[in-house]
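Pasting start_24.txt here (compact mmCIF, N, CA and C atoms):
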```
# COMPACT_ATOMS: atom_id res chain seq x y z
N MET A 1 121.15 80.74 116.61
CA MET A 1 122.00 81.23 117.68
C MET A 1 123.33 80.50 117.62
N ASP A 2 124.38 81.21 117.96
CA ASP A 2 125.71 80.59 117.98
C ASP A 2 125.79 79.51 119.06
N ARG A 3 126.65 78.54 118.86
CA ARG A 3 126.81 77.43 119.80
C ARG A 3 127.98 77.72 120.74
N LEU A 4 127.70 77.68 122.03
CA LEU A 4 128.75 77.95 123.01
C LEU A 4 129.87 76.92 122.94
N VAL A 5 129.54 75.66 122.68
CA VAL A 5 130.58 74.63 122.64
C VAL A 5 131.61 74.92 121.55
N ASP A 6 131.21 75.63 120.51
CA ASP A 6 132.15 75.99 119.45
C ASP A 6 133.14 77.05 119.91
N LYS A 7 132.85 77.70 121.03
CA LYS A 7 133.73 78.76 121.55
C LYS A 7 134.66 78.25 122.65
N HIS A 8 134.55 76.97 123.00
CA HIS A 8 135.38 76.40 124.05
C HIS A 8 136.87 76.65 123.76
N ASN A 9 137.56 77.13 124.78
CA ASN A 9 139.01 77.36 124.73
C ASN A 9 139.43 78.54 123.85
N ILE A 10 138.47 79.34 123.42
CA ILE A 10 138.76 80.53 122.62
C ILE A 10 138.99 81.71 123.56
N ASP A 11 140.07 82.44 123.35
CA ASP A 11 140.34 83.64 124.15
C ASP A 11 139.40 84.74 123.68
N THR A 12 138.76 85.40 124.63
CA THR A 12 137.76 86.40 124.28
C THR A 12 137.74 87.52 125.32
N LYS A 13 137.10 88.60 124.97
CA LYS A 13 136.85 89.70 125.90
C LYS A 13 135.35 89.98 125.82
N LEU A 14 134.66 89.87 126.95
CA LEU A 14 133.22 90.07 126.99
C LEU A 14 132.87 91.16 127.99
N THR A 15 131.78 91.85 127.71
CA THR A 15 131.29 92.91 128.58
C THR A 15 129.88 92.57 129.01
N GLY A 16 129.60 92.79 130.30
CA GLY A 16 128.26 92.53 130.78
C GLY A 16 128.03 93.04 132.19
N LYS A 17 126.79 92.92 132.63
CA LYS A 17 126.39 93.35 133.96
C LYS A 17 126.89 92.35 134.99
N LEU A 18 127.26 92.84 136.18
CA LEU A 18 127.77 91.99 137.24
C LEU A 18 126.64 91.18 137.88
N VAL A 19 126.88 89.89 138.03
CA VAL A 19 125.92 88.94 138.58
C VAL A 19 126.57 88.21 139.76
N LYS A 20 125.74 87.86 140.74
CA LYS A 20 126.22 87.09 141.89
C LYS A 20 125.29 85.92 142.12
N PHE A 21 125.89 84.72 142.18
CA PHE A 21 125.19 83.52 142.60
C PHE A 21 125.59 83.31 144.06
N PRO A 22 124.72 83.64 145.02
CA PRO A 22 125.11 83.58 146.43
C PRO A 22 125.40 82.16 146.90
N GLN A 23 126.27 82.09 147.90
CA GLN A 23 126.60 80.82 148.53
C GLN A 23 125.30 80.12 148.91
N SER A 24 125.28 78.80 148.71
CA SER A 24 124.08 78.00 148.98
C SER A 24 124.52 76.57 149.28
N PRO A 25 123.57 75.67 149.55
CA PRO A 25 123.97 74.27 149.74
C PRO A 25 124.67 73.67 148.51
N GLN A 26 124.40 74.23 147.32
CA GLN A 26 125.00 73.70 146.10
C GLN A 26 126.38 74.28 145.80
N ILE A 27 126.67 75.48 146.32
CA ILE A 27 127.97 76.11 146.05
C ILE A 27 128.61 76.57 147.36
N GLN A 28 129.93 76.41 147.45
CA GLN A 28 130.66 76.66 148.70
C GLN A 28 130.82 78.13 149.03
N PHE A 29 130.81 78.98 148.03
CA PHE A 29 131.07 80.41 148.22
C PHE A 29 130.32 81.17 147.14
N ASP A 30 130.23 82.49 147.32
CA ASP A 30 129.61 83.32 146.28
C ASP A 30 130.36 83.13 144.97
N VAL A 31 129.61 83.01 143.89
CA VAL A 31 130.20 82.90 142.56
C VAL A 31 129.73 84.12 141.77
N TYR A 32 130.67 84.76 141.11
CA TYR A 32 130.35 85.96 140.32
C TYR A 32 130.38 85.62 138.83
N ALA A 33 129.60 86.39 138.09
CA ALA A 33 129.46 86.17 136.65
C ALA A 33 129.17 87.51 135.99
N ILE A 34 129.13 87.48 134.68
CA ILE A 34 128.62 88.63 133.93
C ILE A 34 127.49 88.15 133.04
N GLU A 35 126.50 89.03 132.90
CA GLU A 35 125.39 88.75 131.99
C GLU A 35 125.72 89.37 130.65
N VAL A 36 125.81 88.53 129.62
CA VAL A 36 126.11 88.98 128.27
C VAL A 36 124.88 88.69 127.41
N ILE A 37 124.38 89.71 126.74
CA ILE A 37 123.21 89.54 125.87
C ILE A 37 123.72 89.12 124.49
N THR A 38 123.25 87.96 124.04
CA THR A 38 123.63 87.41 122.74
C THR A 38 122.36 87.16 121.94
N GLU A 39 122.24 87.84 120.82
CA GLU A 39 121.06 87.70 119.96
C GLU A 39 119.78 87.87 120.76
N GLY A 40 119.79 88.83 121.70
CA GLY A 40 118.61 89.15 122.48
C GLY A 40 118.39 88.28 123.72
N LEU A 41 119.22 87.27 123.93
CA LEU A 41 119.06 86.38 125.08
C LEU A 41 120.23 86.52 126.05
N PRO A 42 119.94 86.49 127.36
CA PRO A 42 121.03 86.60 128.33
C PRO A 42 121.79 85.29 128.50
N ARG A 43 123.10 85.41 128.60
CA ARG A 43 123.97 84.29 128.96
C ARG A 43 124.78 84.74 130.17
N TYR A 44 124.97 83.83 131.10
CA TYR A 44 125.69 84.15 132.33
C TYR A 44 127.01 83.39 132.34
N TYR A 45 128.10 84.13 132.23
CA TYR A 45 129.44 83.54 132.19
C TYR A 45 130.04 83.67 133.59
N THR A 46 130.26 82.54 134.26
CA THR A 46 130.89 82.61 135.58
C THR A 46 132.37 82.92 135.41
N LEU A 47 132.91 83.64 136.38
CA LEU A 47 134.29 84.15 136.33
C LEU A 47 135.13 83.33 137.29
N VAL A 48 136.05 82.53 136.75
CA VAL A 48 136.78 81.56 137.56
C VAL A 48 138.26 81.48 137.19
N ASN A 49 139.02 80.86 138.08
CA ASN A 49 140.40 80.47 137.82
C ASN A 49 140.60 79.15 138.55
N PHE A 50 140.73 78.05 137.80
CA PHE A 50 140.90 76.72 138.39
C PHE A 50 142.37 76.35 138.56
N GLU A 51 143.27 77.14 137.98
CA GLU A 51 144.69 76.82 138.01
C GLU A 51 145.38 77.24 139.30
N ASP A 52 144.91 78.36 139.88
CA ASP A 52 145.59 78.95 141.03
C ASP A 52 144.54 79.39 142.05
N ILE A 53 144.39 78.63 143.14
CA ILE A 53 143.35 78.90 144.12
C ILE A 53 143.52 80.27 144.77
N LYS A 54 144.77 80.69 145.00
CA LYS A 54 145.02 82.02 145.59
C LYS A 54 144.55 83.12 144.64
N GLU A 55 144.84 82.95 143.36
CA GLU A 55 144.40 83.95 142.37
C GLU A 55 142.88 83.96 142.27
N PHE A 56 142.25 82.79 142.35
CA PHE A 56 140.79 82.72 142.32
C PHE A 56 140.21 83.46 143.53
N GLU A 57 140.84 83.33 144.69
CA GLU A 57 140.40 84.07 145.87
C GLU A 57 140.55 85.57 145.65
N THR A 58 141.64 85.98 145.02
CA THR A 58 141.86 87.41 144.73
C THR A 58 140.79 87.93 143.77
N ILE A 59 140.45 87.15 142.78
CA ILE A 59 139.40 87.52 141.82
C ILE A 59 138.07 87.67 142.54
N ARG A 60 137.72 86.69 143.38
CA ARG A 60 136.45 86.75 144.12
C ARG A 60 136.42 87.94 145.08
N GLU A 61 137.55 88.23 145.72
CA GLU A 61 137.62 89.40 146.63
C GLU A 61 137.42 90.70 145.85
N LYS A 62 138.05 90.81 144.70
CA LYS A 62 137.90 92.01 143.88
C LYS A 62 136.43 92.20 143.49
N LEU A 63 135.80 91.12 143.03
CA LEU A 63 134.41 91.21 142.62
C LEU A 63 133.49 91.47 143.81
N ALA A 64 133.78 90.87 144.96
CA ALA A 64 132.98 91.11 146.17
C ALA A 64 133.07 92.58 146.60
N ASN A 65 134.24 93.16 146.50
CA ASN A 65 134.40 94.58 146.86
C ASN A 65 133.58 95.48 145.94
N ILE A 66 133.61 95.19 144.65
CA ILE A 66 132.81 95.97 143.70
C ILE A 66 131.33 95.78 144.02
N TRP A 67 130.93 94.53 144.22
CA TRP A 67 129.54 94.20 144.53
C TRP A 67 129.07 94.93 145.79
N ASN A 68 129.84 94.79 146.86
CA ASN A 68 129.44 95.33 148.16
C ASN A 68 129.45 96.86 148.19
N SER A 69 130.16 97.48 147.28
CA SER A 69 130.18 98.95 147.19
C SER A 69 128.98 99.51 146.44
N ASN A 70 128.15 98.61 145.89
CA ASN A 70 127.03 99.05 145.05
C ASN A 70 125.74 98.30 145.37
N LEU A 71 125.50 98.01 146.63
CA LEU A 71 124.35 97.19 147.03
C LEU A 71 123.00 97.87 146.76
N SER A 72 122.97 99.17 146.70
CA SER A 72 121.69 99.88 146.55
C SER A 72 121.03 99.63 145.19
N THR A 73 121.78 99.13 144.21
CA THR A 73 121.20 98.92 142.88
C THR A 73 121.07 97.44 142.51
N VAL A 74 121.21 96.55 143.49
CA VAL A 74 121.09 95.10 143.25
C VAL A 74 119.62 94.72 143.03
N GLU A 75 119.40 93.82 142.08
CA GLU A 75 118.06 93.29 141.80
C GLU A 75 118.10 91.77 141.85
N SER A 76 116.94 91.17 142.15
CA SER A 76 116.85 89.70 142.18
C SER A 76 116.56 89.16 140.80
N GLY A 77 117.24 88.05 140.48
CA GLY A 77 116.96 87.29 139.28
C GLY A 77 116.32 85.98 139.69
N ARG A 78 116.25 85.03 138.79
CA ARG A 78 115.62 83.74 139.09
C ARG A 78 116.34 83.00 140.21
N ASN A 79 117.61 82.75 140.05
CA ASN A 79 118.40 82.07 141.09
C ASN A 79 119.72 82.80 141.34
N PHE A 80 119.68 84.11 141.13
CA PHE A 80 120.89 84.92 141.27
C PHE A 80 120.49 86.35 141.58
N LEU A 81 121.49 87.16 141.84
CA LEU A 81 121.31 88.60 142.00
C LEU A 81 122.07 89.27 140.87
N ILE A 82 121.58 90.41 140.43
CA ILE A 82 122.24 91.13 139.34
C ILE A 82 122.29 92.62 139.68
N ASN A 83 123.35 93.26 139.30
CA ASN A 83 123.45 94.70 139.46
C ASN A 83 123.51 95.31 138.06
N PRO A 84 122.37 95.76 137.54
CA PRO A 84 122.33 96.28 136.18
C PRO A 84 123.11 97.58 136.01
N ASN A 85 123.55 98.17 137.11
CA ASN A 85 124.29 99.43 137.02
C ASN A 85 125.80 99.24 136.95
N ILE A 86 126.28 98.02 137.12
CA ILE A 86 127.72 97.77 137.08
C ILE A 86 128.07 96.99 135.81
N MET A 87 128.80 97.64 134.91
CA MET A 87 129.26 96.98 133.69
C MET A 87 130.71 96.54 133.90
N MET A 88 130.95 95.28 133.57
CA MET A 88 132.27 94.67 133.74
C MET A 88 132.79 94.18 132.39
N GLU A 89 134.11 94.12 132.30
CA GLU A 89 134.77 93.52 131.14
C GLU A 89 135.66 92.39 131.65
N ALA A 90 135.53 91.23 131.03
CA ALA A 90 136.33 90.07 131.42
C ALA A 90 137.05 89.52 130.20
N GLN A 91 138.33 89.20 130.39
CA GLN A 91 139.13 88.65 129.30
C GLN A 91 139.72 87.32 129.74
N GLY A 92 139.46 86.30 128.95
CA GLY A 92 140.00 84.97 129.24
C GLY A 92 139.47 83.97 128.23
N LYS A 93 139.73 82.70 128.53
CA LYS A 93 139.27 81.63 127.63
C LYS A 93 137.89 81.16 128.06
N ILE A 94 137.04 80.96 127.08
CA ILE A 94 135.71 80.41 127.35
C ILE A 94 135.88 78.92 127.64
N ASN A 95 135.16 78.46 128.65
CA ASN A 95 135.22 77.07 129.07
C ASN A 95 133.81 76.49 129.07
N VAL A 96 133.57 75.57 128.15
CA VAL A 96 132.30 74.84 128.07
C VAL A 96 132.69 73.39 127.82
N VAL A 97 132.69 72.58 128.87
CA VAL A 97 133.18 71.21 128.74
C VAL A 97 132.07 70.17 128.72
N SER A 98 130.84 70.57 129.07
CA SER A 98 129.76 69.60 129.14
C SER A 98 128.43 70.25 128.79
N PRO A 99 127.56 69.55 128.07
CA PRO A 99 126.23 70.10 127.80
C PRO A 99 125.42 70.29 129.08
N GLN A 100 125.76 69.57 130.14
CA GLN A 100 125.06 69.69 131.41
C GLN A 100 125.58 70.84 132.27
N GLN A 101 126.64 71.49 131.84
CA GLN A 101 127.23 72.61 132.58
C GLN A 101 126.19 73.72 132.73
N ALA A 102 126.01 74.21 133.96
CA ALA A 102 124.98 75.21 134.22
C ALA A 102 125.21 76.49 133.42
N ASN A 103 126.44 76.97 133.40
CA ASN A 103 126.78 78.21 132.69
C ASN A 103 128.16 78.07 132.07
N PRO A 104 128.38 78.77 130.95
CA PRO A 104 129.74 78.82 130.43
C PRO A 104 130.61 79.59 131.42
N GLN A 105 131.90 79.38 131.34
CA GLN A 105 132.83 80.05 132.24
C GLN A 105 133.82 80.86 131.42
N ILE A 106 134.34 81.90 132.06
CA ILE A 106 135.49 82.61 131.51
C ILE A 106 136.63 82.31 132.47
N LEU A 107 137.66 81.64 131.95
CA LEU A 107 138.83 81.31 132.76
C LEU A 107 139.75 82.52 132.78
N LEU A 108 139.82 83.16 133.93
CA LEU A 108 140.61 84.38 134.09
C LEU A 108 142.02 84.02 134.55
N GLU A 109 143.01 84.55 133.88
CA GLU A 109 144.41 84.34 134.26
C GLU A 109 144.71 84.95 135.62
N ASN A 110 144.18 86.17 135.84
CA ASN A 110 144.39 86.85 137.12
C ASN A 110 143.32 87.93 137.28
N ALA A 111 143.33 88.59 138.44
CA ALA A 111 142.32 89.60 138.76
C ALA A 111 142.39 90.81 137.83
N ASN A 112 143.51 91.05 137.18
CA ASN A 112 143.61 92.17 136.24
C ASN A 112 142.82 91.93 134.96
N LYS A 113 142.37 90.70 134.74
CA LYS A 113 141.62 90.37 133.53
C LYS A 113 140.13 90.66 133.67
N ILE A 114 139.74 91.22 134.81
CA ILE A 114 138.35 91.65 135.02
C ILE A 114 138.39 93.09 135.49
N GLN A 115 137.64 93.95 134.81
CA GLN A 115 137.65 95.38 135.12
C GLN A 115 136.22 95.92 135.16
N GLN A 116 135.99 96.81 136.11
CA GLN A 116 134.73 97.54 136.12
C GLN A 116 134.85 98.65 135.09
N LEU A 117 133.91 98.69 134.16
CA LEU A 117 133.95 99.70 133.12
C LEU A 117 133.26 100.98 133.54
N SER A 118 132.06 100.84 134.10
CA SER A 118 131.29 102.04 134.41
C SER A 118 130.12 101.71 135.30
N MET A 119 129.54 102.76 135.80
CA MET A 119 128.26 102.68 136.49
C MET A 119 127.22 103.19 135.50
N VAL A 120 126.17 102.42 135.29
CA VAL A 120 125.09 102.82 134.40
C VAL A 120 124.00 103.42 135.26
N ASN A 121 123.50 104.56 134.89
CA ASN A 121 122.41 105.19 135.66
C ASN A 121 121.17 105.32 134.85
```

Let me see whether you can do it: turn the structure in this file into structure tokens.
Amino acid sequence: MDRLVDKHNIDTKLTGKLVKFPQSPQIQFDVYAIEVITEGLPRYYTLVNFEDIKEFETIREKLANIWNSNLSTVESGRNFLINPNIMMEAQGKINVVSPQQANPQILLENANKIQQLSMVN
């Protein structure tokens, strides 16, 4: 299997199902991600912007609107929720800075770097 650390800081475009890690004692707010299947295994890339808090809020609002408009197809995962009917495309730099990091991240420049591709039925 390919090593995620080798992809750190590489600009990429990935497609996957929309995932939500709901707010909890461990996280301050809902965190959104995409599930990308790599060599048959799922990887969950969280969608973030650490450079501009306002832009990160805009990204989260965009993803929350998409999520909330499609609640009827949400399914439970191990420690997250997933909507297998919503396919998203995200473009940004992969961020993997620590082996202890829960999930790789895609650093999004702005909300335009994440797009809903389709509804899968």

Self-check item: For atom N of Lys113 (chain A) and CA of Phe56 (chain A), the interatomic separation in Å (one decimal)
Solution: 11.1 Å

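Atom C of Pro99 (chain A) is found 22.2 Å from CA of Glu51 (chain A).
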
Quiz item: Which residues, written as a list in words, have at least one atom at most 6 Å from Phe80 (chain A), with only N, CA and C atoms counted and residues fewer than 3 positions away on the same chain left out?
Solution: Lys20, Phe21, Pro22, Glu75, Ser76 and Gly77 of chain A

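One distance worth recording is that between CA of Arg60 (chain A) and CA of Ala33 (chain A), which is 10.2 Å.
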
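In this comparison, which uses only C-alpha atoms, the residue of A:Leu81, A:Ile59, A:Leu71, A:Val96 approaching Gln115 (chain A) most closely is A:Ile59.
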
Self-check item: For Thr58 (chain A), the nearest of the candidates A:Asn110, A:Phe29, A:Arg78, A:Leu41, counting only N, CA and C atoms
Solution: A:Asn110

Quiz item: Quick one: of A:Val74, A:Val36, A:Val48, A:Met88, who's nearest to Glu109 (chain A), counting only N, CA and C atoms?
Solution: A:Val48

Self-check item: DSSP-assigned strand (DSSP E or B) members of chain A, reported as a ChimeraX atom specification
Solution: /A:11-21,31-38,41-48,75-76,81-95,105-107,114-119

Practice problem: Would you please extract all helix (DSSP H, G or I) residues from chain A, as assigned by DSSP on the backbone, and give them as a PyMOL selection string? | Solution: chain A and resi 4-7+53-68+71-73+111-113

Practice problem: Could you please give me, as JSON, numbers by chain, the residues of protein, DNA or RNA lying at most 8 Å from (131.9, 99.5, 142.3) in the coordinate frame of the file, considering all atoms listed in the file? | Solution: {"A": [65, 66, 67, 68, 69, 70, 71, 86, 116, 118, 119]}
